[in-house]
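Just below is one structure, and these are the notes that go with it.
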Amino acid sequence: MNLSSIISVSGMSGLYKVVTHTRTGLLVESIVDGKRFPVYSNTRVSALEDISIYGKKDDIPLKDVFAEILKQLEAKPFDENLTDSAALKKAFARFLPEFDESRVYTSDIKKVFVWYNLLLEK
């Protein structure tokens with residue numbers, strides 16, 4: 001799974017594909033609706049390739065988390081309840097039993113599942 005050009009922009013929901021670098025930042029395209037807009041250099045962005053999940057021993061790269069979810073769900077979307085925090089943690093532990101429950105927040109888990117569904121759909 002190639003996540004090198006996919007980013008998350010702080011303060012904005014969804015994922016974005018980097019179209020090109022500009023003099024003042026990046027030109028990105030929304031994965032959801034294809035709209036393009038500039039992201040300036042003072043905006044915080046995170047490349048999905050650089051994100052990892054806290055593990056009990058080592059951090060687990062997000063691409064490995066997505067690959068495990070994809071394998072276990074047989075390339076189907078995650079369609080369980082995203083509002084119940086206990087259910088989210090239990091579901092995440094099914095895919096990634098070695099994640100550190102004390103350092104991975106429910107909001108992070110929800111974001112992983114939302115991003116997985118978005119990437120799977122597109």
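We label chains A, B, ... in the order they appear in the structure tokens, count residues from 1 in each chain, and number ligands from 1 in the order shown.
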
**OP:** Using only C-alpha atoms, determine which residues lie at most 12 Å from Leu88 in chain A, disregarding the query and same-chain residues fewer than 4 positions distant; provide the list as an MDAnalysis selection string.
**Re:** chainID A and resid 78:84 92:96 101 104:114

**OP:** Select from chain A everything DSSP, run on the backbone, classes as strand (DSSP E or B), then give the selection as a PyMOL selection string.
**Re:** chain A and resi 6-9+16-22+25-30+36-40+45-47+52-53+55+60-61+99

For N, CA, C and O atoms, I'd like the residues from the last selection saved as a compact mmCIF listing (two decimals), in the first residue's frame.
# COMPACT_ATOMS: atom_id res chain seq x y z
N ILE A 6 -0.11 10.65 0.18
CA ILE A 6 -1.37 10.89 0.89
C ILE A 6 -1.05 11.58 2.22
O ILE A 6 -0.20 11.12 2.98
N ILE A 7 -1.76 12.69 2.49
CA ILE A 7 -1.50 13.44 3.71
C ILE A 7 -2.80 13.73 4.47
O ILE A 7 -3.89 13.65 3.90
N SER A 8 -2.62 14.05 5.72
CA SER A 8 -3.70 14.55 6.56
C SER A 8 -3.33 16.00 6.89
O SER A 8 -2.19 16.30 7.21
N VAL A 9 -4.30 16.90 6.78
CA VAL A 9 -4.07 18.31 7.05
C VAL A 9 -4.71 18.65 8.39
O VAL A 9 -5.90 18.39 8.60
N TYR A 16 -5.89 13.81 1.78
CA TYR A 16 -5.58 14.59 0.59
C TYR A 16 -4.38 14.00 -0.13
O TYR A 16 -3.46 13.49 0.51
N LYS A 17 -4.40 14.10 -1.44
CA LYS A 17 -3.30 13.64 -2.26
C LYS A 17 -2.47 14.86 -2.66
O LYS A 17 -3.03 15.86 -3.11
N VAL A 18 -1.17 14.77 -2.51
CA VAL A 18 -0.29 15.87 -2.90
C VAL A 18 -0.19 15.87 -4.42
O VAL A 18 0.22 14.87 -5.02
N VAL A 19 -0.59 16.98 -5.04
CA VAL A 19 -0.53 17.11 -6.50
C VAL A 19 0.85 17.62 -6.90
O VAL A 19 1.50 17.06 -7.78
N THR A 20 1.28 18.69 -6.23
CA THR A 20 2.59 19.25 -6.52
C THR A 20 3.05 20.15 -5.37
O THR A 20 2.24 20.55 -4.53
N HIS A 21 4.33 20.43 -5.36
CA HIS A 21 4.89 21.38 -4.41
C HIS A 21 4.87 22.75 -5.07
O HIS A 21 5.16 22.87 -6.26
N THR A 22 4.52 23.76 -4.29
CA THR A 22 4.52 25.12 -4.80
C THR A 22 5.55 25.94 -4.04
O THR A 22 6.15 25.45 -3.07
N GLY A 25 4.07 26.24 -0.47
CA GLY A 25 3.57 25.05 0.22
C GLY A 25 3.26 23.91 -0.72
O GLY A 25 4.11 23.50 -1.50
N LEU A 26 2.03 23.43 -0.66
CA LEU A 26 1.61 22.29 -1.47
C LEU A 26 0.29 22.59 -2.16
O LEU A 26 -0.53 23.36 -1.67
N LEU A 27 0.07 21.94 -3.29
CA LEU A 27 -1.24 21.91 -3.92
C LEU A 27 -1.75 20.51 -3.68
O LEU A 27 -1.09 19.52 -4.05
N VAL A 28 -2.91 20.40 -3.02
CA VAL A 28 -3.46 19.09 -2.67
C VAL A 28 -4.83 18.91 -3.30
O VAL A 28 -5.50 19.88 -3.65
N GLU A 29 -5.22 17.64 -3.40
CA GLU A 29 -6.53 17.29 -3.95
C GLU A 29 -7.24 16.40 -2.94
O GLU A 29 -6.66 15.41 -2.46
N SER A 30 -8.47 16.73 -2.61
CA SER A 30 -9.25 15.95 -1.67
C SER A 30 -9.52 14.57 -2.26
O SER A 30 -9.93 14.45 -3.42
N ARG A 36 -9.28 20.72 -5.49
CA ARG A 36 -7.89 21.09 -5.26
C ARG A 36 -7.82 22.44 -4.54
O ARG A 36 -8.62 23.33 -4.79
N PHE A 37 -6.82 22.56 -3.66
CA PHE A 37 -6.60 23.83 -2.98
C PHE A 37 -5.18 23.85 -2.43
O PHE A 37 -4.55 22.80 -2.27
N PRO A 38 -4.66 25.06 -2.16
CA PRO A 38 -3.29 25.16 -1.63
C PRO A 38 -3.26 24.91 -0.13
O PRO A 38 -4.20 25.22 0.59
N VAL A 39 -2.18 24.33 0.31
CA VAL A 39 -1.89 24.18 1.73
C VAL A 39 -0.57 24.90 1.94
O VAL A 39 0.44 24.54 1.33
N TYR A 40 -0.58 25.90 2.77
CA TYR A 40 0.59 26.75 2.95
C TYR A 40 1.60 26.12 3.91
O TYR A 40 1.26 25.26 4.72
N VAL A 45 0.91 19.42 8.36
CA VAL A 45 0.46 18.27 7.59
C VAL A 45 1.23 17.05 8.05
O VAL A 45 2.36 17.15 8.53
N SER A 46 0.60 15.88 7.91
CA SER A 46 1.24 14.62 8.26
C SER A 46 1.08 13.66 7.09
O SER A 46 -0.03 13.41 6.64
N ALA A 47 2.20 13.16 6.60
CA ALA A 47 2.15 12.14 5.55
C ALA A 47 1.77 10.82 6.20
O ALA A 47 2.34 10.45 7.24
N SER A 52 2.72 6.37 12.68
CA SER A 52 2.78 5.02 13.25
C SER A 52 1.90 4.97 14.50
O SER A 52 1.55 6.00 15.07
N ILE A 53 1.57 3.76 14.88
CA ILE A 53 0.74 3.51 16.06
C ILE A 53 1.64 2.99 17.17
O ILE A 53 2.50 2.14 16.94
N GLY A 55 3.03 0.79 19.84
CA GLY A 55 2.93 -0.62 20.18
C GLY A 55 3.49 -0.85 21.58
O GLY A 55 4.11 0.04 22.16
N ILE A 60 4.23 0.74 15.29
CA ILE A 60 3.80 -0.01 14.10
C ILE A 60 3.43 1.00 13.02
O ILE A 60 2.56 1.85 13.24
N PRO A 61 4.09 0.95 11.85
CA PRO A 61 3.75 1.88 10.77
C PRO A 61 2.29 1.74 10.36
O PRO A 61 1.74 0.64 10.33
N PHE A 99 -0.96 -3.27 20.06
CA PHE A 99 -0.98 -1.82 20.25
C PHE A 99 -1.06 -1.49 21.74
O PHE A 99 -1.58 -2.24 22.54

Subject >> Of the listed residues A:Ala86, A:Val32, A:Leu120, A:Ala91, that which approaches Glu74 in chain A most closely, counting only C-alpha atoms >> reply: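 Among A:Ala86, A:Val32, A:Leu120, A:Ala91, it is A:Leu120 that comes nearest to Glu74 in chain A.
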
Original post:
Which residue gives the smallest distance to Trp115 in chain A among A:Leu15, A:Ile51, A:Ile69, A:Leu3, with only C-alpha atoms counted?
Top reply: A:Leu15

**OP:** Return the single residue from A:Ser5, A:Ser102, A:Tyr116, A:Ile31 that is closest to Asp64 in chain A, with distances computed using only C-alpha atoms.
**Re:** A:Tyr116

Subject >> CA of Leu48 in chain A to CA of Leu118 in chain A, distance in Å rounded to a single decimal >> reply: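 Atom-to-atom, CA of Leu48 in chain A to CA of Leu118 in chain A, that is 13.0 Å.
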
Subject >> Atom-to-atom span, CA of Asp59 in chain A and CA of Lys76 in chain A, Å >> reply: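 Pair CA of Asp59 in chain A / CA of Lys76 in chain A returns 25.4 Å.
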
Subject >> Straight-line distance linking CA of Asp100 in chain A with CA of Thr43 in chain A, stated in Å to one decimal >> reply: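 Rounded to one decimal, the two atoms are 28.9 Å apart.
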
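Distances to Arg103 in chain A were evaluated for A:Pro77, A:Glu121, A:Lys56, A:Lys90 using only C-alpha atoms, and the minimum falls at A:Lys56.
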
**OP:** Determine which residues of range 14-120 of chain A DSSP labels as alpha helix (DSSP H) from the backbone of this structure, then write them out as a VMD selection string.
**Re:** chain A and resid 62 to 72 85 to 95 106 to 120

Original post:
For Leu70 in chain A, which residue out of A:Ser10, A:Asn42, A:Ser85, A:Asn117 is the nearest one, using only C-alpha atoms?
Top reply: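 Smallest separation from Leu70 in chain A among the options: A:Asn117.
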
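Among the candidate residues A:Thr24, A:Ser13, A:Asp33, A:Tyr54, the one lying nearest to Lys122 in chain A is A:Asp33, with distances computed using only C-alpha atoms.
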